[in-house]
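Novice: Here's a structure for you.
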Number of protein chains: 2
Amino acid sequence: MAGNTSTPGATVTSRALALLGAFDEHHRRLTLTDLAARAGLPVPTAHRLVGELVAWGALARTPSGEYVVGRRLWDIGLLAPVQTGLRQLASPFLHDLYGATLATVHLAVRDGTEVLYLDRLSGHASVPVVSSIGSRLPMHATGVGKVLLAHAPDDVQQAVLADLPRVTAYTITQPGTLRRQLARVLRDDYATTVEEMSLGGCSVAVPIRRDGEVVAALGMVLPSLGRERPRLVGALQVASRGIGRALSASGNE
Amino acid sequence: MAGNTSTPGATVTSRALALLGAFDEHHRRLTLTDLAARAGLPVPTAHRLVGELVAWGALARTPSGEYVVGRRLWDIGLLAPVQTGLRQLASPFLHDLYGATLATVHLAVRDGTEVLYLDRLSGHASVPVVSSIGSRLPMHATGVGKVLLAHAPDDVQQAVLADLPRVTAYTITQPGTLRRQLARVLRDDYATTVEEMSLGGCSVAVPIRRDGEVVAALGMVLPSLGRERPRLVGALQVASRGIGRALSASGNE
DNA sequence: CGCCCGATTCCGTTCAGTGGAAGACTGGCC
DNA sequence: GGCCAGTCTTCCACTGAACGGAATCGGGCG
């Protein structure tokens with residue numbers, strides 16, 4: 001940019017983006033000072049850039065003076081293909097599943113070595129779960145994660161198996177155990193977890209295929225599985241096939 | 001910026017934002033040239049900025065070489081308060097409504113003189129409708145719009161009544177007629193439309209109040225209303241009260 | 001093979017961006 | 001009421017990041 005830059009080499013754009021990136025799930029509202037600190041910028045610089053972002057609608061200022069993500073950014077984000085393609089096609093199927101089981105229903109894809117939740121339905125009655133739309137969780141501790149991991153390329157599997165952080169007392173942290181489970185996922189075509197992500201929460205998940213290739217996973221979370229399992233797997237598989245068919249029909253994305 | 005700028009006075013940030021703003025509902029994928037044209041920038045400039053946006057994840061490039069909104073922008077957009085507050089609290093109620101009626105269910109707020117759709121549920125069975133999440137429609141031709149308009153400040157009402165574009169043969173374009181309807185909305189506490197936005201689509205909507213003040217509207221779209229109306233209004237009102245209560249309970253945004 | 005249209009790279013010019021310092025608020029505390 | 005600490009906002013002289021016309025690459029088509 002110019003003049004007396006403290007970090008030469010940084011572009012204006014990268015600074016503006018750093019400001020946007022300062023927001024995350026745990027920091028949805030930030031003061032100017034925090035924003036500047038998290039973006040690694042001097043306060044006056046942040047102030048000027050933030051002013052532009054607010055004017056455009058990328059950020060908004062609350063009455064209390066804090067900054068939050070703005071409406072305009074929200075609705076541009078909604079144009080992402082992640083949203084328009086898979087999520088919209090899958091939506092009615094998720095509702096059907098939710099209606100039939102009243103469990104929390106998840107739609108997720110793999111993003112690097114994590115699970116990215118694209119959609120989540122949960123009523124008042126469902127078990128409380130940690131995930132929320134747009135959030136990322138480790139693959140080894142979630143049902144949808146295991147499905148996606150089982151179908152992921154070798155290098156991703158290696159990377160994930162090399163580091164299995166413990167989340168609850170039941171989280172699988174032994175690579176060998178997980179590897180055996182993944183083999184079973186491929187054989188049975190569904191995965192389960194038992195309190196591996198949160199105590200009191202179990203899950204079942206199946207892959208969603210588009211022309212044979214696994215592109216996403218569909219899962220549900222319940223207090224326990226018990227003898228319901230076959231019924232749930234059946235329901236999930238029907239929905240998953242429906243989504244897969246809808247996907248290949250509308251050949252976009 | 002610098003050097004031989006063709007439009008002096010424009011900031012780098014505003015150019016980068018213009019690139020993001022080039023995307024809209026009807027332009028979800030753009031080539032570099034189109035992107036540059038829509039943002040009003042020379043192609044090489046757009047190329048450089050787009051490169052940075054892609055590197056950061058704000059945009060992504062499809063295999064075919066076109067640009068689309070990226071995942072990172074999607075999930076930062078999801079942090080907008082519009083999303084986290086109202087929408088998340090209302091979500092279970094929308095599901096309940098959808099489950100009970102199988103009609104398309106809408107959650108909307110007023111944004112200036114338009115209706116902004118925050119959420120929409122529709123199954124395979126529902127009537128096709130034009131709205132989608134994040135889209136904006138005129139207030140005078142939609143059920144949720146009439147509710148929001150009836151409770152809007154005077155200057156907004158003036159502005160809307162001054163220009164009532166025709167959408168279908170049944171759209172209300174007479175300010176007098178609409179004004180009478182708005183009065184009735186205030187009295188009955190619900191609004192209806194009959195093929196005013198799209199032929200074959202009728203709607204009912206009710207306000208959502210947070211501590212007495214109308215902050216949003218809840219509506220549904222059906223092929224016709226008929227004698228179902230009282231039942232639908234009842235269902236909507238129950239859901240709306242529930243959402244209102246949940247809103248004041250969790251005193252955020 | 002040659003043409004055309006879009007994407008990409010180059011590079012000399014120059015003004016938009018920078019951030020320390022100083023000033024204005026704000027609210028809490030004595 | 002007066003003081004102080006923590007924010008936010010405004011100023012402004014310096015300078016290297018951004019600009020974009022021109023040239024080049026690439027690939028689809030006739």
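By order of appearance in the structure tokens: chains A, B, ..., then residues from 1 within every chain, and ligands from 1 in the order shown.
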As an MDAnalysis selection string, please: all residues of region 17-252 of chain A that backbone DSSP puts in alpha helix (DSSP H).

Specialist: chainID A and resid 17:21 32:39 43:56 71:77 81:82 88:101 143:150 154:161 175:188 229:249

Novice: Tell me the residues of chain A close to chain C, meaning within 12 Å using only C-alpha atoms (C1' of nucleotides), as a PyMOL selection string.

Specialist: chain A and resi 1-8+10-13+15+41-49+65

Novice: Let's have the selection written as a compact mmCIF listing (two decimals), in the first residue's frame, with N, CA and C atoms.

Specialist:
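File produced: out_27.txt:
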# COMPACT_ATOMS: atom_id res chain seq x y z
N MET A 1 0.82 -1.19 0.00
CA MET A 1 0.00 0.00 0.00
C MET A 1 0.84 1.22 0.00
N ALA A 2 1.24 1.66 1.10
CA ALA A 2 1.90 2.95 1.00
C ALA A 2 2.64 3.27 2.26
N GLY A 3 3.33 4.37 2.16
CA GLY A 3 3.97 5.04 3.28
C GLY A 3 4.55 4.16 4.36
N ASN A 4 4.30 4.57 5.55
CA ASN A 4 4.94 3.99 6.71
C ASN A 4 4.30 2.68 7.18
N THR A 5 4.25 1.75 6.31
CA THR A 5 3.65 0.47 6.65
C THR A 5 4.50 -0.27 7.69
N SER A 6 3.81 -0.86 8.64
CA SER A 6 4.57 -1.62 9.63
C SER A 6 4.89 -3.02 9.11
N THR A 7 4.03 -3.54 8.26
CA THR A 7 4.28 -4.86 7.69
C THR A 7 4.26 -4.77 6.18
N PRO A 8 5.39 -4.36 5.58
CA PRO A 8 5.41 -4.20 4.13
C PRO A 8 5.12 -5.55 3.48
N ALA A 10 2.09 -6.60 2.78
CA ALA A 10 0.67 -6.90 2.95
C ALA A 10 -0.15 -6.02 2.02
N THR A 11 -1.15 -6.58 1.41
CA THR A 11 -1.98 -5.80 0.51
C THR A 11 -3.19 -5.25 1.28
N VAL A 12 -3.79 -4.21 0.75
CA VAL A 12 -4.98 -3.64 1.37
C VAL A 12 -6.05 -4.71 1.46
N THR A 13 -6.21 -5.41 0.37
CA THR A 13 -7.24 -6.44 0.32
C THR A 13 -7.04 -7.47 1.43
N ARG A 15 -5.70 -7.08 4.21
CA ARG A 15 -6.03 -6.49 5.50
C ARG A 15 -7.53 -6.46 5.71
N LEU A 41 -3.77 -5.54 12.97
CA LEU A 41 -3.62 -4.22 12.36
C LEU A 41 -3.61 -3.14 13.44
N PRO A 42 -2.95 -2.02 13.16
CA PRO A 42 -3.02 -0.88 14.08
C PRO A 42 -4.46 -0.37 14.14
N VAL A 43 -4.85 0.13 15.25
CA VAL A 43 -6.24 0.57 15.41
C VAL A 43 -6.70 1.60 14.35
N PRO A 44 -5.91 2.64 14.07
CA PRO A 44 -6.42 3.61 13.10
C PRO A 44 -6.65 2.98 11.72
N THR A 45 -5.76 2.10 11.33
CA THR A 45 -5.93 1.42 10.05
C THR A 45 -7.21 0.60 10.05
N ALA A 46 -7.39 -0.16 11.11
CA ALA A 46 -8.61 -0.97 11.23
C ALA A 46 -9.83 -0.06 11.17
N HIS A 47 -9.74 1.05 11.85
CA HIS A 47 -10.87 1.97 11.91
C HIS A 47 -11.29 2.43 10.51
N ARG A 48 -10.31 2.80 9.74
CA ARG A 48 -10.61 3.28 8.39
C ARG A 48 -11.23 2.16 7.53
N LEU A 49 -10.61 1.00 7.56
CA LEU A 49 -11.11 -0.11 6.73
C LEU A 49 -12.49 -0.55 7.19
N GLY A 65 -22.03 -0.19 19.92
CA GLY A 65 -20.74 0.19 19.38
C GLY A 65 -19.87 -0.97 18.94

Novice: Among the residues of region 3-209 of chain B, find those DSSP assigns to strand (DSSP E or B) from the backbone and print them as a PyMOL selection string.

Specialist: chain B and resi 24+27+29-30+59-61+67-69+104-111+114-121+136-138+191-194+202-209

Novice: With a cut-off of 8 Å and counting only C-alpha atoms (C1' of nucleotides), select all residues of chain D in contact with chain B and give the selection as a list in words.

Specialist: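 Matching residues, ligands excluded from the count: DA17, DA18, DC19 and DG20 of chain D.
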
Novice: Tell me as a count of residues only which residues belonging to chain A come within 8 Å of chain B, counting only C-alpha atoms.

Specialist: 42

Novice: By how many Å are CA of Val156 (chain A) and CA of His140 (chain A) apart?

Specialist: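 Separation between CA of Val156 (chain A) and CA of His140 (chain A): 11.9 Å.
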
Novice: Fewer than 3 positions away in the same chain doesn't count, so skip those; otherwise give me all residues within 8 Å of region 219-226 of chain B, counting only C-alpha atoms (C1' of nucleotides), as a list of chain:residue names.

Specialist: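 Neighbouring residues, sequence-local ones excluded: B:Ala103, B:Thr104, B:Val105, B:His106, B:Leu107, B:Ser126, B:Val127, B:Val129, B:Gly143, B:Val144, B:Val194, B:Gly200, B:Gly201, B:Cys202, B:Ser203, B:Val204, B:Ala205, B:Val206, B:Arg229, B:Leu236.
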
Novice: Restricting it to C-alpha atoms, dump the selection as a PDB file, in the first residue's frame.

Specialist:
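Generated file (selection-v1.pdb):
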ATOM      1  CA  ALA B 103     -47.218 -25.726   3.174  1.00  0.00           C
ATOM      2  CA  THR B 104     -44.252 -23.509   2.349  1.00  0.00           C
ATOM      3  CA  VAL B 105     -43.371 -21.593   5.496  1.00  0.00           C
ATOM      4  CA  HIS B 106     -41.597 -18.215   5.502  1.00  0.00           C
ATOM      5  CA  LEU B 107     -39.774 -16.123   8.048  1.00  0.00           C
ATOM      6  CA  SER B 126     -45.604 -27.456  -1.576  1.00  0.00           C
ATOM      7  CA  VAL B 127     -46.663 -24.888  -4.135  1.00  0.00           C
ATOM      8  CA  VAL B 129     -42.914 -19.972  -4.917  1.00  0.00           C
ATOM      9  CA  GLY B 143     -48.469 -11.809   2.990  1.00  0.00           C
ATOM     10  CA  VAL B 144     -45.446 -11.240   5.203  1.00  0.00           C
ATOM     11  CA  VAL B 194     -54.600 -14.025  -3.232  1.00  0.00           C
ATOM     12  CA  GLY B 200     -51.965 -20.097  -8.085  1.00  0.00           C
ATOM     13  CA  GLY B 201     -50.392 -18.941  -4.818  1.00  0.00           C
ATOM     14  CA  CYS B 202     -52.188 -17.543  -1.801  1.00  0.00           C
ATOM     15  CA  SER B 203     -50.676 -16.667   1.532  1.00  0.00           C
ATOM     16  CA  VAL B 204     -51.450 -15.926   5.166  1.00  0.00           C
ATOM     17  CA  ALA B 205     -49.071 -14.200   7.533  1.00  0.00           C
ATOM     18  CA  VAL B 206     -48.882 -12.962  11.118  1.00  0.00           C
ATOM     19  CA  ARG B 229     -58.036 -20.051   6.966  1.00  0.00           C
ATOM     20  CA  LEU B 236     -49.316 -19.295  12.736  1.00  0.00           C
TER      21      LEU B 236
END

Novice: Report, in Å to a single decimal, how far apart CA of Glu66 (chain A) and CA of Val54 (chain A) are.

Specialist: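 So the answer is 11.6 Å.
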
Novice: Which residues are near Ala150 (chain B)? Cut-off 8 Å, only C-alpha atoms (C1' of nucleotides), ignore same chain within fewer than 3 positions. Put them as a PyMOL selection string.

Specialist: chain B and resi 146-147+157+182-183+185-186
